[in-house]
file work-v8.pdb (PDB, C-alpha atoms)
ATOM      1  CA  MET W 219       6.759  26.599  -3.129
ATOM      2  CA  THR W 220       3.896  25.394  -0.933
ATOM      3  CA  GLY W 221       4.155  22.705   1.709
ATOM      4  CA  ARG W 222       2.074  20.402  -0.481
ATOM      5  CA  GLU W 223       4.419  20.875  -3.428
ATOM      6  CA  ARG W 224       7.446  20.150  -1.250
ATOM      7  CA  ALA W 225       5.763  17.014   0.098
ATOM      8  CA  LEU W 226       4.923  15.890  -3.441
ATOM      9  CA  ILE W 227       8.518  16.353  -4.599
ATOM     10  CA  ALA W 228       9.764  14.457  -1.543
ATOM     11  CA  ALA W 229       7.370  11.598  -2.287
ATOM     12  CA  PHE W 230       8.551  11.260  -5.888
ATOM     13  CA  VAL W 231      12.186  11.418  -4.826
ATOM     14  CA  GLN W 232      11.541   8.685  -2.268
ATOM     15  CA  LEU W 233       9.827   6.487  -4.864
ATOM     16  CA  ALA W 234      12.524   7.151  -7.459
ATOM     17  CA  ASP W 235      15.167   6.151  -4.925
ATOM     18  CA  THR W 236      13.819   2.599  -5.096
ATOM     19  CA  LEU W 237      14.679   2.268  -8.797
ATOM     20  CA  VAL W 238      17.861   0.314  -8.183
ATOM     21  CA  ALA W 239      18.967  -3.214  -9.051
ATOM     22  CA  ASP W 240      18.131  -4.625  -5.618
ATOM     23  CA  TYR W 241      14.829  -2.809  -5.144
ATOM     24  CA  ASP W 242      12.253  -4.202  -2.735
ATOM     25  CA  PRO W 243       8.697  -4.251  -4.181
ATOM     26  CA  VAL W 244       7.189  -4.381  -0.680
ATOM     27  CA  GLU W 245       8.998  -1.202   0.386
ATOM     28  CA  LEU W 246       8.089   0.438  -2.916
ATOM     29  CA  ALA W 247       4.400  -0.388  -2.533
ATOM     30  CA  GLN W 248       4.395   0.778   1.082
ATOM     31  CA  GLU W 249       6.011   4.083   0.120
ATOM     32  CA  LEU W 250       3.337   4.471  -2.553
ATOM     33  CA  VAL W 251       0.349   4.110  -0.222
ATOM     34  CA  ASP W 252       1.973   6.160   2.545
ATOM     35  CA  ALA W 253       2.658   9.016   0.143
ATOM     36  CA  ALA W 254      -0.856   8.887  -1.325
ATOM     37  CA  VAL W 255      -2.498   9.043   2.105
ATOM     38  CA  ALA W 256      -0.187  11.882   3.175
ATOM     39  CA  LEU W 257      -0.817  13.967   0.057
ATOM     40  CA  LEU W 258      -4.511  13.375  -0.641
ATOM     41  CA  PRO W 259      -7.758  13.749   1.353
ATOM     42  CA  VAL W 260      -7.987  10.029   2.097
ATOM     43  CA  THR W 261      -7.622   8.037   5.307
ATOM     44  CA  ALA W 262      -6.283   4.685   4.128
ATOM     45  CA  GLY W 263      -4.919   2.890   1.097
ATOM     46  CA  GLY W 264      -3.575  -0.347  -0.266
ATOM     47  CA  VAL W 265      -1.871  -1.910  -3.267
ATOM     48  CA  LEU W 266      -2.896  -5.062  -5.116
ATOM     49  CA  LEU W 267      -0.260  -6.747  -7.274
ATOM     50  CA  VAL W 268      -0.503  -9.571  -9.806
ATOM     51  CA  ASP W 269       1.400 -12.738  -8.848
ATOM     52  CA  TYR W 270       2.984 -15.310 -11.141
ATOM     53  CA  ARG W 271      -0.435 -16.938 -11.677
ATOM     54  CA  ASP W 272      -1.912 -13.618 -12.835
ATOM     55  CA  GLN W 273      -3.930 -13.421  -9.609
ATOM     56  CA  LEU W 274      -4.152 -10.204  -7.603
ATOM     57  CA  GLN W 275      -2.739 -10.271  -4.069
ATOM     58  CA  VAL W 276      -2.578  -7.628  -1.329
ATOM     59  CA  LEU W 277       1.002  -6.307  -1.241
ATOM     60  CA  SER W 278       0.741  -3.296   1.070
ATOM     61  CA  SER W 279      -1.763  -1.294   3.104
ATOM     62  CA  THR W 280      -1.763   1.594   5.550
ATOM     63  CA  SER W 281      -4.030  -0.104   8.090
ATOM     64  CA  GLU W 282      -5.312  -3.514   9.064
ATOM     65  CA  ALA W 283      -8.862  -2.457   8.161
ATOM     66  CA  ALA W 284      -7.744  -1.523   4.629
ATOM     67  CA  ARG W 285      -5.899  -4.827   4.215
ATOM     68  CA  LEU W 286      -8.915  -6.863   5.316
ATOM     69  CA  LEU W 287     -11.246  -4.894   3.049
ATOM     70  CA  GLU W 288      -8.989  -5.550   0.067
ATOM     71  CA  LEU W 289      -8.834  -9.243   0.944
ATOM     72  CA  PHE W 290     -12.634  -9.240   1.064
ATOM     73  CA  GLU W 291     -12.713  -7.585  -2.363
ATOM     74  CA  LEU W 292     -10.468 -10.303  -3.786
ATOM     75  CA  GLN W 293     -12.506 -13.094  -2.190
ATOM     76  CA  SER W 294     -15.796 -11.688  -3.451
ATOM     77  CA  ARG W 295     -14.211 -11.004  -6.874
ATOM     78  CA  ALA W 296     -15.948  -7.654  -7.167
ATOM     79  CA  GLY W 297     -15.016  -4.116  -6.227
ATOM     80  CA  PRO W 298     -13.623  -0.829  -7.536
ATOM     81  CA  CYS W 299      -9.975  -1.906  -7.377
ATOM     82  CA  LEU W 300     -10.634  -5.027  -9.442
ATOM     83  CA  THR W 301     -12.621  -2.951 -11.927
ATOM     84  CA  ALA W 302      -9.808  -0.398 -12.232
ATOM     85  CA  PHE W 303      -7.311  -3.205 -12.830
ATOM     86  CA  ARG W 304      -9.432  -5.011 -15.413
ATOM     87  CA  ASP W 305     -10.513  -1.896 -17.334
ATOM     88  CA  GLY W 306      -7.262   0.060 -16.982
ATOM     89  CA  HIS W 307      -9.081   3.238 -15.919
ATOM     90  CA  ALA W 308      -9.558   5.094 -12.647
ATOM     91  CA  VAL W 309     -12.716   4.229 -10.705
ATOM     92  CA  LEU W 310     -13.822   7.128  -8.483
ATOM     93  CA  VAL W 311     -16.720   6.528  -6.104
ATOM     94  CA  GLU W 312     -17.695   9.734  -4.309
ATOM     95  CA  ASP W 313     -20.323   8.157  -2.052
ATOM     96  CA  LEU W 314     -20.859   4.419  -1.597
ATOM     97  CA  ASP W 315     -24.340   5.097  -0.248
ATOM     98  CA  HIS W 316     -25.315   6.410  -3.682
ATOM     99  CA  ASP W 317     -23.324   3.867  -5.709
ATOM    100  CA  GLN W 318     -23.844   0.631  -3.833
ATOM    101  CA  ASP W 319     -25.622  -1.359  -6.547
ATOM    102  CA  ARG W 320     -22.451  -1.743  -8.608
ATOM    103  CA  TRP W 321     -20.627  -3.814  -5.931
ATOM    104  CA  PRO W 322     -23.215  -4.426  -3.184
ATOM    105  CA  ALA W 323     -21.131  -6.787  -1.041
ATOM    106  CA  PHE W 324     -18.059  -4.527  -1.166
ATOM    107  CA  ALA W 325     -20.107  -1.385  -0.485
ATOM    108  CA  ARG W 326     -21.785  -3.015   2.506
ATOM    109  CA  ARG W 327     -18.465  -4.180   3.976
ATOM    110  CA  ALA W 328     -16.797  -0.790   3.380
ATOM    111  CA  ARG W 329     -19.638   1.078   5.091
ATOM    112  CA  GLU W 330     -19.395  -1.313   8.044
ATOM    113  CA  ASP W 331     -15.763  -0.228   8.335
ATOM    114  CA  GLY W 332     -16.811   3.433   8.344
ATOM    115  CA  LEU W 333     -15.721   4.136   4.756
ATOM    116  CA  ARG W 334     -17.879   6.217   2.444
ATOM    117  CA  SER W 335     -15.769   6.872  -0.662
ATOM    118  CA  VAL W 336     -13.161   4.935  -2.615
ATOM    119  CA  TYR W 337     -10.777   5.827  -5.425
ATOM    120  CA  ALA W 338      -9.052   3.049  -7.394
ATOM    121  CA  LEU W 339      -6.207   3.715  -9.836
ATOM    122  CA  PRO W 340      -4.696   1.121 -12.192
ATOM    123  CA  MET W 341      -0.971   0.432 -12.005
ATOM    124  CA  ARG W 342      -0.121   0.288 -15.674
ATOM    125  CA  LEU W 343       2.641   0.953 -18.148
ATOM    126  CA  ARG W 344       1.189   1.450 -21.608
ATOM    127  CA  GLU W 345      -0.907  -1.690 -22.191
ATOM    128  CA  GLU W 346       0.581  -3.696 -19.332
ATOM    129  CA  ARG W 347      -1.304  -3.748 -16.026
ATOM    130  CA  ILE W 348       0.362  -5.176 -12.933
ATOM    131  CA  GLY W 349      -2.004  -4.142 -10.141
ATOM    132  CA  ALA W 350      -4.016  -1.300  -8.674
ATOM    133  CA  LEU W 351      -3.892   1.371  -5.980
ATOM    134  CA  ASN W 352      -6.923   1.635  -3.688
ATOM    135  CA  LEU W 353      -7.613   4.767  -1.604
ATOM    136  CA  PHE W 354     -10.391   5.122   0.983
ATOM    137  CA  ALA W 355     -12.015   8.025   2.833
ATOM    138  CA  THR W 356     -14.390   8.062   5.807
ATOM    139  CA  SER W 357     -16.581  10.824   4.374
ATOM    140  CA  PRO W 358     -18.193  11.249   0.956
ATOM    141  CA  GLY W 359     -16.410  13.516  -1.471
ATOM    142  CA  ARG W 360     -14.616  13.715  -4.760
ATOM    143  CA  LEU W 361     -11.004  14.108  -5.794
ATOM    144  CA  ASP W 362     -10.460  17.043  -8.118
ATOM    145  CA  GLU W 363      -8.543  16.660 -11.375
ATOM    146  CA  ASP W 364      -5.213  17.636  -9.810
ATOM    147  CA  GLN W 365      -5.651  15.147  -6.965
ATOM    148  CA  VAL W 366      -6.532  12.330  -9.356
ATOM    149  CA  ALA W 367      -3.473  13.242 -11.425
ATOM    150  CA  ILE W 368      -1.260  13.057  -8.314
ATOM    151  CA  ALA W 369      -2.661   9.651  -7.340
ATOM    152  CA  GLN W 370      -2.189   8.263 -10.834
ATOM    153  CA  ALA W 371       1.322   9.718 -11.094
ATOM    154  CA  LEU W 372       2.330   8.024  -7.833
ATOM    155  CA  ALA W 373       0.884   4.739  -9.095
ATOM    156  CA  ASP W 374       2.716   5.154 -12.405
ATOM    157  CA  VAL W 375       6.085   5.768 -10.738
ATOM    158  CA  ALA W 376       5.643   2.672  -8.573
ATOM    159  CA  THR W 377       4.671   0.672 -11.663
ATOM    160  CA  ILE W 378       7.813   1.772 -13.468
ATOM    161  CA  GLY W 379       9.842   0.695 -10.452
ATOM    162  CA  ILE W 380       8.391  -2.812 -10.564
ATOM    163  CA  VAL W 381       8.462  -3.232 -14.336
ATOM    164  CA  HIS W 382      12.011  -1.833 -14.356
ATOM    165  CA  ALA W 383      13.236  -5.196 -13.058
ATOM    166  CA  ARG W 384      12.296  -6.766 -16.387
ATOM    167  CA  VAL W 385      15.129  -4.875 -18.024
ATOM    168  CA  LEU W 386      17.499  -6.806 -15.781
ATOM    169  CA  ALA W 387      15.982 -10.275 -15.936
ATOM    170  CA  ASP W 388      13.730 -12.485 -17.993
ATOM    171  CA  HIS W 389      10.018 -12.862 -17.305
ATOM    172  CA  LEU W 390      10.304 -15.986 -15.157
ATOM    173  CA  THR W 391      12.893 -14.406 -12.893
ATOM    174  CA  VAL W 392      10.768 -11.304 -12.444
ATOM    175  CA  ALA W 393       7.696 -13.412 -11.733
ATOM    176  CA  ALA W 394       9.650 -15.222  -9.040
ATOM    177  CA  HIS W 395      10.850 -11.861  -7.692
ATOM    178  CA  LEU W 396       7.301 -10.539  -7.437
ATOM    179  CA  GLN W 397       6.128 -13.777  -5.854
ATOM    180  CA  GLY W 398       8.969 -13.428  -3.378
ATOM    181  CA  ALA W 399       7.664  -9.963  -2.544
ATOM    182  CA  LEU W 400       4.237 -11.403  -1.817
ATOM    183  CA  ASN W 401       5.846 -14.079   0.362
ATOM    184  CA  THR W 402       7.732 -11.332   2.176
ATOM    185  CA  ARG W 403       4.422  -9.707   2.985
ATOM    186  CA  VAL W 404       3.417 -12.884   4.814
ATOM    187  CA  VAL W 405       6.563 -12.587   6.950
ATOM    188  CA  ILE W 406       5.702  -8.967   7.779
ATOM    189  CA  GLU W 407       2.189  -9.989   8.819
ATOM    190  CA  GLN W 408       3.674 -12.663  11.098
ATOM    191  CA  ALA W 409       6.007 -10.121  12.708
ATOM    192  CA  LYS W 410       3.085  -7.741  13.210
ATOM    193  CA  GLY W 411       1.169 -10.487  14.951
ATOM    194  CA  LEU W 412       4.109 -11.339  17.205
ATOM    195  CA  LEU W 413       4.606  -7.687  18.206
ATOM    196  CA  ALA W 414       0.891  -7.197  18.736
ATOM    197  CA  GLU W 415       0.693 -10.191  21.046
ATOM    198  CA  HIS W 416       3.906  -9.294  22.884
ATOM    199  CA  GLY W 417       2.920  -5.685  23.474
ATOM    200  CA  GLY W 418      -0.838  -6.020  23.767
ATOM    201  CA  LEU W 419      -1.289  -3.788  20.716
ATOM    202  CA  ASP W 420      -3.615  -3.773  17.749
ATOM    203  CA  MET W 421      -2.166  -4.719  14.374
ATOM    204  CA  ASP W 422      -1.869  -1.115  13.158
ATOM    205  CA  ALA W 423       0.184  -0.055  16.198
ATOM    206  CA  ALA W 424       2.366  -3.151  15.840
ATOM    207  CA  PHE W 425       3.053  -2.292  12.198
ATOM    208  CA  GLN W 426       3.979   1.276  13.085
ATOM    209  CA  ALA W 427       6.395  -0.039  15.717
ATOM    210  CA  LEU W 428       7.996  -2.294  13.113
ATOM    211  CA  ARG W 429       8.352   0.540  10.593
ATOM    212  CA  THR W 430       9.708   2.968  13.194
ATOM    213  CA  HIS W 431      12.436   0.522  14.221
ATOM    214  CA  ALA W 432      13.283  -0.249  10.584
ATOM    215  CA  ARG W 433      13.687   3.432   9.769
ATOM    216  CA  HIS W 434      15.671   4.220  12.900
ATOM    217  CA  THR W 435      18.099   1.355  12.316
ATOM    218  CA  ASN W 436      18.178   1.802   8.524
ATOM    219  CA  THR W 437      17.013  -1.788   8.097
ATOM    220  CA  ARG W 438      14.746  -3.157   5.403
ATOM    221  CA  LEU W 439      11.275  -3.825   6.686
ATOM    222  CA  ALA W 440      11.341  -7.421   5.483
ATOM    223  CA  ASP W 441      14.747  -8.096   7.058
ATOM    224  CA  LEU W 442      13.598  -6.698  10.387
ATOM    225  CA  ALA W 443      10.402  -8.758  10.247
ATOM    226  CA  ARG W 444      12.427 -11.944   9.740
ATOM    227  CA  ALA W 445      14.748 -10.979  12.587
ATOM    228  CA  VAL W 446      11.789 -10.387  14.916
ATOM    229  CA  ILE W 447      10.268 -13.761  14.053
ATOM    230  CA  SER W 448      13.589 -15.567  14.510
ATOM    231  CA  ARG W 449      14.158 -13.689  17.822
ATOM    232  CA  GLU W 450      17.393 -12.161  16.489
ATOM    233  CA  VAL W 451      15.812  -8.814  17.334
ATOM    234  CA  ASP W 452      13.990  -8.641  20.647
ATOM    235  CA  ALA W 453      10.342  -7.638  20.327
ATOM    236  CA  SER W 454      10.581  -5.548  23.495
ATOM    237  CA  ALA W 455      13.359  -3.466  21.966
ATOM    238  CA  VAL W 456      11.231  -2.730  18.908
ATOM    239  CA  LEU W 457       8.241  -1.741  21.024
ATOM    240  CA  THR W 458      10.299   0.315  23.483
ATOM    241  CA  GLN W 459      11.942   2.327  20.742
ATOM    242  CA  HIS W 460       8.594   3.023  19.107
ATOM    243  CA  ALA W 461       7.127   4.193  22.422
ATOM    244  CA  SER W 462      10.131   6.457  23.029
ATOM    245  CA  ARG W 463       9.799   8.076  19.619
ATOM    246  CA  ASP W 464       6.079   8.628  20.161
ATOM    247  CA  ILE W 465       6.825  10.423  23.417
ATOM    248  CA  ALA W 466       9.482  12.541  21.773
ATOM    249  CA  GLY W 467       7.075  13.417  18.970
ATOM    250  CA  GLY W 468       9.719  12.771  16.350
ATOM    251  CA  ILE W 469       9.125  12.236  12.641
ATOM    252  CA  GLY W 470      11.110   9.553  10.811
ATOM    253  CA  ALA W 471      13.514  10.550   8.097
ATOM    254  CA  ASN W 472      11.284   8.957   5.472
ATOM    255  CA  ASP W 473       8.005  10.340   6.797
ATOM    256  CA  VAL W 474       6.171  12.863   4.633
ATOM    257  CA  GLU W 475       4.669  15.735   6.538
ATOM    258  CA  PRO W 476       1.821  17.308   4.540
ATOM    259  CA  GLU W 477       1.005  20.991   4.736
TER     260      GLU W 477
END
call {"tool": "encode", "arguments": {"input": "work-v8.pdb", "output": "structure tokens"}}
result
Amino acid sequence: MTGRERALIAAFVQLADTLVADYDPVELAQELVDAAVALLPVTAGGVLLVDYRDQLQVLSSTSEAARLLELFELQSRAGPCLTAFRDGHAVLVEDLDHDQDRWPAFARRAREDGLRSVYALPMRLREERIGALNLFATSPGRLDEDQVAIAQALADVATIGIVHARVLADHLTVAAHLQGALNTRVVIEQAKGLLAEHGGLDMDAAFQALRTHARHTNTRLADLARAVISREVDASAVLTQHASRDIAGGIGANDVEPE
């Protein structure tokens, strides 16, 4: 078995582990994008999820730049992720320089961020679509059939995890649950901002510090974010632990190490 195959199995096991009654959609979406970036030749990713008003919202991302680009896509109402969601099919853009007329504003913004290719996969279960997975790369190129299959399989597993809740509750309860997940994302963004300001870090480094502390203490990301905001957990402790782990060169228990 190759390192890539082992990493792929680990990613699916990690995603499947979220299929429990008290699953956290934010954690599930974050595991999805982290696994996709670790397994595929891409540099960043994000997940858009439909809220109770049937409007797409950014639920997770691997970097601040990816999050802002997805927000821009939603505001401009045009882009590959929206197209993948609406049509229910993968949208694979090998080079934005050669395919910029389709979404000119998005292509221009993506190139300004140093991105050259984008791959968008719908999150769907049969005819039901609940969101989309966006993957970005800094150089032009294509995903081969196996890589596209991996990306879609990861998106499908995450979709099953979210839709699975509907077996346990009626539609209104699930809608409230998903809206709660989107609200949780706001709390995480606030905690990132607090850590960034406290430690003089950029938003990506602050997010990594938050995730490192959550993994090390076996705490849900959302719960830790609330504790940081309420000062129940000291920001310095979160930042110090992250710095110590960076020095030690350790890999978190939930990290996927590609071949």
call {"tool": "residues_around", "arguments": {"input": "work-v8.pdb", "residues": "W:Met421", "least_positions_apart": "6", "cutoff": "10 Å", "atoms": "only C-alpha atoms", "output": "ChimeraX atom specification"}}
result
/W:281-283,407,409-415,427
call {"tool": "axis_aligned_box", "arguments": {"input": "work-v8.pdb", "around": "stretch 311-321 of chain W", "padding_each_side": "4 Å", "output": "JSON"}}
result
{"center_x": -21.2, "center_y": 3.0, "center_z": -4.4, "size_x": 16.9, "size_y": 21.5, "size_z": 16.4}
call {"tool": "atom_distance", "arguments": {"input": "work-v8.pdb", "atom1": "atom CA of W:Glu346", "atom2": "atom CA of W:Ala325"}}
result
28.1 Å
call {"tool": "resolve_selection", "arguments": {"input": "work-v8.pdb", "expression": "the PyMOL selection byres ((chain W and resi 302) around 9)", "output": "list of chain:residue names"}}
result
W:Gly297, W:Pro298, W:Cys299, W:Leu300, W:Thr301, W:Phe303, W:Arg304, W:Asp305, W:Gly306, W:His307, W:Ala308, W:Val309, W:Ala338, W:Leu339, W:Pro340, W:Met341, W:Gly349, W:Ala350, W:Leu351
call {"tool": "resolve_selection", "arguments": {"input": "work-v8.pdb", "expression": "the PyMOL selection byres ((chain W and resi 357) around 7)", "output": "list in words"}}
result
Leu333, Arg334, Ser335, Ala355, Thr356, Pro358 and Gly359 of chain W
call {"tool": "closest_residue", "arguments": {"input": "work-v8.pdb", "among": "W:Ala328, W:Arg360, W:Ala256, W:Ile227", "to": "W:Val311", "atoms": "only C-alpha atoms"}}
result
W:Arg360
call {"tool": "resolve_selection", "arguments": {"input": "work-v8.pdb", "expression": "the PyMOL selection byres ((chain W and resi 366) around 10)", "output": "list of chain:residue names"}}
result
W:Leu258, W:Ala308, W:Leu310, W:Tyr337, W:Ala338, W:Leu339, W:Arg360, W:Leu361, W:Asp362, W:Glu363, W:Asp364, W:Gln365, W:Ala367, W:Ile368, W:Ala369, W:Gln370, W:Ala371, W:Leu372
call {"tool": "write_last_selection", "arguments": {"input": "work-v8.pdb", "atoms": "C-alpha atoms", "output": "PDB file, keeping the file's coordinate frame"}}
result
ATOM      1  CA  LEU W 258      -4.511  13.375  -0.641  1.00  0.00           C
ATOM      2  CA  ALA W 308      -9.558   5.094 -12.647  1.00  0.00           C
ATOM      3  CA  LEU W 310     -13.822   7.128  -8.483  1.00  0.00           C
ATOM      4  CA  TYR W 337     -10.777   5.827  -5.425  1.00  0.00           C
ATOM      5  CA  ALA W 338      -9.052   3.049  -7.394  1.00  0.00           C
ATOM      6  CA  LEU W 339      -6.207   3.715  -9.836  1.00  0.00           C
ATOM      7  CA  ARG W 360     -14.616  13.715  -4.760  1.00  0.00           C
ATOM      8  CA  LEU W 361     -11.004  14.108  -5.794  1.00  0.00           C
ATOM      9  CA  ASP W 362     -10.460  17.043  -8.118  1.00  0.00           C
ATOM     10  CA  GLU W 363      -8.543  16.660 -11.375  1.00  0.00           C
ATOM     11  CA  ASP W 364      -5.213  17.636  -9.810  1.00  0.00           C
ATOM     12  CA  GLN W 365      -5.651  15.147  -6.965  1.00  0.00           C
ATOM     13  CA  ALA W 367      -3.473  13.242 -11.425  1.00  0.00           C
ATOM     14  CA  ILE W 368      -1.260  13.057  -8.314  1.00  0.00           C
ATOM     15  CA  ALA W 369      -2.661   9.651  -7.340  1.00  0.00           C
ATOM     16  CA  GLN W 370      -2.189   8.263 -10.834  1.00  0.00           C
ATOM     17  CA  ALA W 371       1.322   9.718 -11.094  1.00  0.00           C
ATOM     18  CA  LEU W 372       2.330   8.024  -7.833  1.00  0.00           C
TER      19      LEU W 372
END
call {"tool": "residues_near_point", "arguments": {"input": "work-v8.pdb", "point": "(3.8, -2.9, 17.2)", "cutoff": "8 Å", "atoms": "all atoms listed in the file", "output": "JSON, numbers by chain"}}
result
{"W": [410, 413, 414, 417, 419, 420, 421, 422, 423, 424, 425, 426, 427, 428, 456, 457, 460]}
call {"tool": "closest_residue", "arguments": {"input": "work-v8.pdb", "among": "W:Ala323, W:Ala445, W:Leu267, W:Leu343", "to": "W:Phe290", "atoms": "all atoms listed in the file"}}
result
W:Ala323
call {"tool": "atom_distance", "arguments": {"input": "work-v8.pdb", "atom1": "atom CA of W:Arg320", "atom2": "atom CA of W:Val268"}}
result
23.3 Å
call {"tool": "atom_distance", "arguments": {"input": "work-v8.pdb", "atom1": "atom CA of W:Leu257", "atom2": "atom CA of W:Ile348"}}
result
23.2 Å
call {"tool": "closest_residue", "arguments": {"input": "work-v8.pdb", "among": "W:Thr402, W:Gln397, W:Ser294, W:Ser454", "to": "W:Arg327", "atoms": "all atoms listed in the file"}}
result
W:Ser294
call {"tool": "closest_residue", "arguments": {"input": "work-v8.pdb", "among": "W:Ala432, W:Val260, W:Val405, W:Val336", "to": "W:Ile447", "atoms": "all atoms listed in the file"}}
result
W:Val405
